Amino acid sequence: MSEKKVLVRVENLVKYFPIRAGVFKRIVAWVRAVDDVSFDIYEGETVGLVGESGCGKTTVGMTLLRLYEPTSGRIIVDNEDTTYYFMPKIKAKKYLKNTYIKKFKNEDPETFTFIDKKYYDLYKELGESGFYSKLLSDLPEKRSEFRKTMQIVFQDPYSSLNPRIRIKTIVSEGPVLHKVIKKSEVIEKVKAALEEVGIHGDHMYRFPHQFSGGQRQRIGIARALLMNPKLIVADEAVAALDVSIRSQVINLMLDLQEKHNLTYLFISHDLSVIKYISDRVIVMYLGKIVENAPKKVLFDDPLHPYTKALMSAIPVPNPDYKKKRIILTGDVPSPVNPPTGCRFHPRCPVAKEICSKEEPQLREIQPGHFVACHFPGSLK
Amino acid sequence: MEKKPLLEVKNLKTYFYTEDGIVKAVDGVDFEVYPGETLGIVGESGSGKSVTSLSIMRLLDPNGEIVEGSEIIFEGKNLLELSEDEMRKIRGNDIAMIFQEPMVALNPVFTIGEQIMEAILLHQDVSKSEARKMAIEMLKKVGIPEPEKRVDEYPHELSGGMRQRAMIAMALSCRPKLLIADEPTTALDVTIQAQILELMRELQKEYGMAIILITHDVGVIAENADRVVVMYGGMVMETANVHELFKEMRHPYTWGLLNSLPRLDIEQERLYNIPGIVPDPLHFPPGCRFNTRCEFADEKCRKEIPPLYEVNKDHFSRCFYYQKVEEAQKLKKAGESA
């Protein structure tokens, strides 16, 4: 297990969205979409991120890809802190000062993590101003590199492809911009990428409306693939597809993963798809991670009451399958005013007094199995 | 089954006349619904499942037409021969319907209470204040907290799950004999879906109504239906009781569909793929509608539409080669146990 390399490390990620109202558009409240979330994604694995609508799973994906700027937290990709990559220079400098320089001046180097140590060495070598200029000198290149590393496949195959441009341009635009492929080799590369996902190469001159939903999703995958990424975030990539088409796309994604050694963050509301495709599963509820475990462990022995209830709510396509139904009462609360203490406590069948007062931290109960619950495993 | 069917659909054909040609959305569908049972209709997009339900209610778009020769017999009356006035007396009273998207199906400018009362006042001889009491009673029954307050709220003030509950309250306010539920939980989260399905089961037990449950979700069918109709390309591919269908399917489409599902209850090596794409209803292939995607298809399948064979008691399959499906199934079972 220790030999596996961490590709992405998310630390204390927070993303709040402002709600504005009134003539002056003042901020009146915050939607706490993602509230202090930490997890690792190892190279070559598929992490399934599951939760109901409004739990923040899509925001995690979008923030990870920096399509949203995080409110706070740190995102480390390939042992590089990428958090400041997309900030304006002054903000980036402030971030580096607050995150690293303060720590280096006040804390004992012995306690630093691997990443901190790496930046500490740089700081020792170059001094404070050298540290800034070194890290901030090549932001455009860093951004481009970041985009090449991480790509996304969207949920809705109808709105994620521009209806006015041909498939050839849709698929090759990004790779040409980031100089992954040369202009002269566009036709050849696009053809190869399309054929890899099961679309006839000559169809690159067509427009998106000439394809079915499943085919469009394949085109979306080809577009991500041509960037030669390490990580693909698949945000509900098969949710809009018919059952018979869904299994085709899932199998395609698994084949491509093996062939290109891809890492997936697979975001879905559907636990059965997550169970089939993932190596590890993260369950979110109202902006928090409630459970994070290897797939087999999670499905054999879910410890958080929410995970249990979620599993029992999924209809199983087998009329003779006997399962215990746990039916939760109430609705998912609003992330504008999340409940105090454990955010699940108003709906939790085993909640006790402490649950409404104290927020449970994500604890490692067994190696690799993290749960945020005061009474893990108490719901039978 | 000596019981008399509540609803019989015979050779139902619903065509839409569009600029691009005739869309044969439903093309010769037969099934019965018995009192008190739940009939599940399952199919993918374009299979004609929703058009079937709208045909029963006679709520088709103006360019849609039920072709002559179709019969929809409800308690001995052919609904297609009734006048619009007579039909209106049945709609909402004897047969009620709930839709997928409650936000679209509810009127945004009237309160929940007004909308439920409208149905009650139309079909029952009661005063306004009595109707209001009945509306509050219904809201309580479907598990809406504080019904006295909620009755005066507008649809946008309720959450998705609460709206669907309000829809159910409205549909059941006149105690219909048949409830048509078209994808009632598709727009909801799974934990809310579980609540709504549980509620529907309870109310069915209490009222003894029959339900036609239309969905694309095979899991919902397995847990809620007594009998199942599998539709594809505007036709019935297979009909059977739910236990038999999931164990002993006799149509290649059902077989492919059930094997391509990711499942929670078993371990799976690799999902089965049905090759090809869902056909466009403007251009269905000649012969069996499934022949372009079927591994057993031959010349005969490409020319003739297979009849519905009774492969077992009350179990029908529209496939010339239903025995081959049986063999394939035995092979798969042998492979699994080996």
# chains A, B, ... in the order shown; residues from 1 in each chain; ligands from 1
$ residues_around --residues "segment 313-330 of chain B" --least-positions-apart "6" --cutoff "7 Å" --atoms "only C-alpha atoms" --output "number ranges by chain"
B: 237-240, 250-252, 306-307
$ interface_residues --of "chain A" --to "chain B" --cutoff "6 Å" --atoms "only C-alpha atoms" --output "MDAnalysis selection string"
chainID A and resid 52 242 244 247:248 272:273 276 313 315:319
$ write_last_selection --atoms "N, CA and C atoms" --output "tab-separated table (two decimals), in the first residue's frame"
chain	number	residue	atom	x	y	z
A	52	GLU	N	-25.93	12.82	-2.29
A	52	GLU	CA	-27.17	13.28	-2.90
A	52	GLU	C	-27.00	14.69	-3.43
A	242	ASP	N	-29.13	6.06	-21.15
A	242	ASP	CA	-29.99	4.90	-20.97
A	242	ASP	C	-29.17	3.72	-20.45
A	244	SER	N	-28.81	0.61	-21.30
A	244	SER	CA	-28.03	-0.22	-22.22
A	244	SER	C	-26.83	0.54	-22.76
A	247	SER	N	-23.79	0.99	-19.71
A	247	SER	CA	-22.78	-0.04	-19.49
A	247	SER	C	-21.70	0.01	-20.57
A	248	GLN	N	-22.06	0.41	-21.78
A	248	GLN	CA	-21.05	0.57	-22.83
A	248	GLN	C	-20.02	1.63	-22.43
A	272	SER	N	-24.71	2.08	-7.09
A	272	SER	CA	-24.40	0.83	-7.79
A	272	SER	C	-23.35	1.04	-8.88
A	273	VAL	N	-23.40	2.19	-9.56
A	273	VAL	CA	-22.35	2.49	-10.53
A	273	VAL	C	-21.01	2.67	-9.81
A	276	TYR	N	-19.43	-0.55	-8.86
A	276	TYR	CA	-18.84	-1.29	-9.97
A	276	TYR	C	-17.50	-0.71	-10.39
A	313	ALA	N	-31.35	2.45	0.57
A	313	ALA	CA	-32.35	3.16	-0.23
A	313	ALA	C	-32.24	2.82	-1.71
A	315	PRO	N	-32.68	0.89	-4.87
A	315	PRO	CA	-33.48	-0.27	-5.26
A	315	PRO	C	-32.59	-1.32	-5.95
A	316	VAL	N	-32.72	-2.55	-5.52
A	316	VAL	CA	-31.91	-3.63	-6.08
A	316	VAL	C	-32.72	-4.37	-7.14
A	317	PRO	N	-32.15	-4.55	-8.33
A	317	PRO	CA	-32.92	-5.22	-9.38
A	317	PRO	C	-33.01	-6.73	-9.17
A	318	ASN	N	-33.57	-7.12	-8.07
A	318	ASN	CA	-33.75	-8.54	-7.78
A	318	ASN	C	-34.91	-8.67	-6.80
A	319	PRO	N	-36.08	-9.09	-7.30
A	319	PRO	CA	-37.27	-9.10	-6.43
A	319	PRO	C	-37.16	-10.07	-5.26
$ residues_around --residues "Ile112 of chain B" --least-positions-apart "3" --cutoff "9 Å" --atoms "only C-alpha atoms" --output "list in words"
Leu106, Asn107, Gln115, Ile116, Met117, Ala135, Arg150, Val151, Asp152, Glu153, Tyr154, Pro155, Arg163, Ala166, Met167 and Met170 of chain B
$ write_last_selection --atoms "C-alpha atoms" --output "mmCIF file, in the first residue's frame"
data_model
loop_
_atom_site.group_PDB
_atom_site.id
_atom_site.type_symbol
_atom_site.label_atom_id
_atom_site.label_comp_id
_atom_site.auth_asym_id
_atom_site.auth_seq_id
_atom_site.Cartn_x
_atom_site.Cartn_y
_atom_site.Cartn_z
ATOM 1 C CA LEU B 106 -48.204 21.729 -10.321
ATOM 2 C CA ASN B 107 -49.576 25.149 -11.160
ATOM 3 C CA GLN B 115 -55.146 22.629 -6.419
ATOM 4 C CA ILE B 116 -56.181 19.659 -4.304
ATOM 5 C CA MET B 117 -59.576 21.249 -3.611
ATOM 6 C CA ALA B 135 -57.294 18.528 1.459
ATOM 7 C CA ARG B 150 -48.710 23.897 4.161
ATOM 8 C CA VAL B 151 -52.127 23.874 2.557
ATOM 9 C CA ASP B 152 -51.775 27.614 1.918
ATOM 10 C CA GLU B 153 -48.276 27.437 0.507
ATOM 11 C CA TYR B 154 -47.286 27.650 -3.148
ATOM 12 C CA PRO B 155 -45.431 24.855 -4.926
ATOM 13 C CA ARG B 163 -44.003 18.529 -3.953
ATOM 14 C CA ALA B 166 -48.512 17.002 -2.626
ATOM 15 C CA MET B 167 -48.999 15.557 -6.124
ATOM 16 C CA MET B 170 -53.964 15.500 -5.186
#
$ closest_atom_pairs --of "segment 143-189 of chain B" --to "segment 4-19 of chain B" --cutoff "12 Å" --atoms "only C-alpha atoms" --output "Markdown table"
| residue | atom | partner | partner_atom | distance |
| --- | --- | --- | --- | --- |
| B:Pro176 | CA | B:Leu6 | CA | 11.8 |
| B:Lys177 | CA | B:Leu6 | CA | 8.3 |
| B:Leu178 | CA | B:Leu6 | CA | 8.2 |
| B:Leu179 | CA | B:Leu7 | CA | 11.3 |
| B:Ile180 | CA | B:Leu7 | CA | 11.6 |
$ write_last_selection --atoms "C-alpha atoms" --output "PDB file, in the first residue's frame"
ATOM      1  CA  PRO B 176     -59.063   6.542  -7.766  1.00  0.00           C
ATOM      2  CA  LYS B 177     -59.274   2.881  -8.744  1.00  0.00           C
ATOM      3  CA  LEU B 178     -56.206   3.241 -10.906  1.00  0.00           C
ATOM      4  CA  LEU B 179     -53.154   5.411 -10.327  1.00  0.00           C
ATOM      5  CA  ILE B 180     -50.721   5.944 -13.180  1.00  0.00           C
TER       6      ILE B 180
END
$ atom_distance --atom1 "atom CA of Ala372 of chain A" --atom2 "atom CA of Val283 of chain A"
10.4 Å
$ select_by_dssp --residues "segment 139-378 of chain A" --states "strand (DSSP E or B)" --output "ChimeraX atom specification"
/A:150-153,231-235,263-268,280-285,288-294,363-366,369-371
$ residues_around --residues "His374 of chain A" --least-positions-apart "5" --cutoff "10 Å" --atoms "only C-alpha atoms" --output "PyMOL selection string"
chain A and resi 304+342+351-352+354-355+358-363
$ write_last_selection --atoms "C-alpha atoms" --output "PDB file, in the first residue's frame"
ATOM      1  CA  HIS A 304     -21.632   5.763   9.115  1.00  0.00           C
ATOM      2  CA  CYS A 342     -23.009  16.580  13.106  1.00  0.00           C
ATOM      3  CA  ALA A 351     -28.339  10.383  17.042  1.00  0.00           C
ATOM      4  CA  LYS A 352     -27.670  11.184  20.686  1.00  0.00           C
ATOM      5  CA  ILE A 354     -23.665  14.989  21.726  1.00  0.00           C
ATOM      6  CA  CYS A 355     -24.374  14.763  17.985  1.00  0.00           C
ATOM      7  CA  GLU A 358     -20.169  18.565  18.752  1.00  0.00           C
ATOM      8  CA  GLU A 359     -19.076  18.058  15.207  1.00  0.00           C
ATOM      9  CA  PRO A 360     -17.484  14.623  14.704  1.00  0.00           C
ATOM     10  CA  GLN A 361     -14.057  14.661  13.052  1.00  0.00           C
ATOM     11  CA  LEU A 362     -13.068  12.303  10.268  1.00  0.00           C
ATOM     12  CA  ARG A 363     -11.176   9.563  12.135  1.00  0.00           C
TER      13      ARG A 363
END
$ residues_around --residues "Asp298 of chain B" --least-positions-apart "3" --cutoff "12 Å" --atoms "only C-alpha atoms" --output "PDB file with C-alpha atoms, in the first residue's frame"
ATOM      1  CA  GLY B 287     -38.967  -6.830 -38.590  1.00  0.00           C
ATOM      2  CA  CYS B 288     -38.249  -7.176 -34.878  1.00  0.00           C
ATOM      3  CA  PHE B 290     -34.541  -5.150 -31.518  1.00  0.00           C
ATOM      4  CA  ASN B 291     -32.903  -6.999 -34.419  1.00  0.00           C
ATOM      5  CA  THR B 292     -30.109  -4.444 -34.985  1.00  0.00           C
ATOM      6  CA  ARG B 293     -28.779  -4.960 -31.464  1.00  0.00           C
ATOM      7  CA  CYS B 294     -29.607  -8.628 -30.906  1.00  0.00           C
ATOM      8  CA  GLU B 295     -27.032 -11.385 -30.965  1.00  0.00           C
ATOM      9  CA  CYS B 301     -35.993 -11.342 -37.509  1.00  0.00           C
ATOM     10  CA  ARG B 302     -35.086  -8.685 -40.036  1.00  0.00           C
ATOM     11  CA  LYS B 303     -38.240  -9.355 -42.092  1.00  0.00           C
ATOM     12  CA  GLU B 304     -41.061 -10.331 -39.751  1.00  0.00           C
ATOM     13  CA  CYS B 319     -39.001 -13.383 -29.799  1.00  0.00           C
ATOM     14  CA  PHE B 320     -38.729 -16.194 -32.350  1.00  0.00           C
ATOM     15  CA  TYR B 321     -35.792 -17.608 -30.459  1.00  0.00           C
TER      16      TYR B 321
END
$ residues_around --residues "Pro302 of chain A" --least-positions-apart "3" --cutoff "12 Å" --atoms "only C-alpha atoms" --output "MDAnalysis selection string"
chainID A and resid 281:283 290:299 305:312 365:366 369:373 376:380
$ write_last_selection --atoms "C-alpha atoms" --output "compact mmCIF listing (two decimals), in the first residue's frame"
# COMPACT_ATOMS: atom_id res chain seq x y z
CA VAL A 281 -15.36 5.39 -2.19
CA ILE A 282 -15.90 8.74 -0.51
CA VAL A 283 -19.39 9.50 0.79
CA VAL A 290 -18.83 11.28 6.24
CA GLU A 291 -17.00 8.13 5.19
CA ASN A 292 -13.98 7.24 3.06
CA ALA A 293 -12.92 3.62 2.62
CA PRO A 294 -11.76 1.01 0.12
CA LYS A 295 -14.73 -0.20 -1.87
CA LYS A 296 -14.97 -3.66 -0.43
CA VAL A 297 -14.67 -2.46 3.14
CA LEU A 298 -17.29 0.23 2.61
CA PHE A 299 -19.85 -2.06 1.03
CA PRO A 305 -25.43 5.70 9.55
CA TYR A 306 -25.84 7.85 6.44
CA THR A 307 -23.85 5.44 4.29
CA LYS A 308 -25.99 2.60 5.59
CA ALA A 309 -29.23 4.42 4.90
CA LEU A 310 -28.04 5.42 1.44
CA MET A 311 -27.22 1.81 0.61
CA SER A 312 -30.51 0.52 1.82
CA ILE A 365 -11.07 3.67 12.47
CA GLN A 366 -9.26 0.94 10.63
CA HIS A 369 -11.23 3.47 6.65
CA PHE A 370 -12.21 6.99 7.70
CA VAL A 371 -15.52 7.83 9.38
CA ALA A 372 -16.92 11.07 10.76
CA CYS A 373 -19.37 9.83 13.39
CA PRO A 376 -19.67 4.54 14.13
CA GLY A 377 -21.34 1.24 13.36
CA SER A 378 -24.15 1.80 15.86
CA LEU A 379 -26.91 1.62 13.25
CA LYS A 380 -27.58 -2.07 12.78
$ residues_around --residues "Ile165 of chain A" --least-positions-apart "6" --cutoff "10 Å" --atoms "only C-alpha atoms" --output "list in words"
Tyr205, Arg206, Phe207 and Pro208 of chain A
$ decode --residues "segment 27-60 of chain B" --atoms "C-alpha atoms" --output "CSV table (one decimal), in the first residue's frame"
chain,number,residue,atom,x,y,z
B,27,ASP,CA,-47.3,0.3,-32.1
B,28,GLY,CA,-49.5,-2.4,-31.0
B,29,VAL,CA,-49.4,-2.7,-27.2
B,30,ASP,CA,-51.5,-5.1,-25.2
B,31,PHE,CA,-51.7,-5.5,-21.4
B,32,GLU,CA,-54.1,-5.8,-18.5
B,33,VAL,CA,-54.2,-4.3,-15.1
B,34,TYR,CA,-56.0,-6.2,-12.3
B,35,PRO,CA,-57.6,-4.5,-9.3
B,36,GLY,CA,-55.1,-3.8,-6.5
B,37,GLU,CA,-52.0,-4.9,-8.3
B,38,THR,CA,-48.9,-2.9,-9.4
B,39,LEU,CA,-48.0,-3.3,-13.0
B,40,GLY,CA,-44.5,-2.0,-13.8
B,41,ILE,CA,-43.8,-0.8,-17.3
B,42,VAL,CA,-40.0,-0.6,-17.9
B,43,GLY,CA,-38.2,0.7,-20.9
B,44,GLU,CA,-35.5,3.1,-22.1
B,45,SER,CA,-36.1,6.5,-23.7
B,46,GLY,CA,-38.2,6.2,-26.8
B,47,SER,CA,-39.7,2.9,-25.8
B,48,GLY,CA,-43.2,4.4,-25.8
B,49,LYS,CA,-43.9,3.9,-22.1
B,50,SER,CA,-44.9,7.4,-21.3
B,51,VAL,CA,-47.0,7.8,-24.5
B,52,THR,CA,-48.8,4.6,-23.4
B,53,SER,CA,-49.9,6.2,-20.2
B,54,LEU,CA,-50.8,9.5,-21.8
B,55,SER,CA,-52.9,7.5,-24.3
B,56,ILE,CA,-54.9,5.9,-21.5
B,57,MET,CA,-55.6,9.3,-20.0
B,58,ARG,CA,-56.2,10.8,-23.4
B,59,LEU,CA,-53.8,13.6,-22.8
B,60,LEU,CA,-51.8,13.4,-26.0
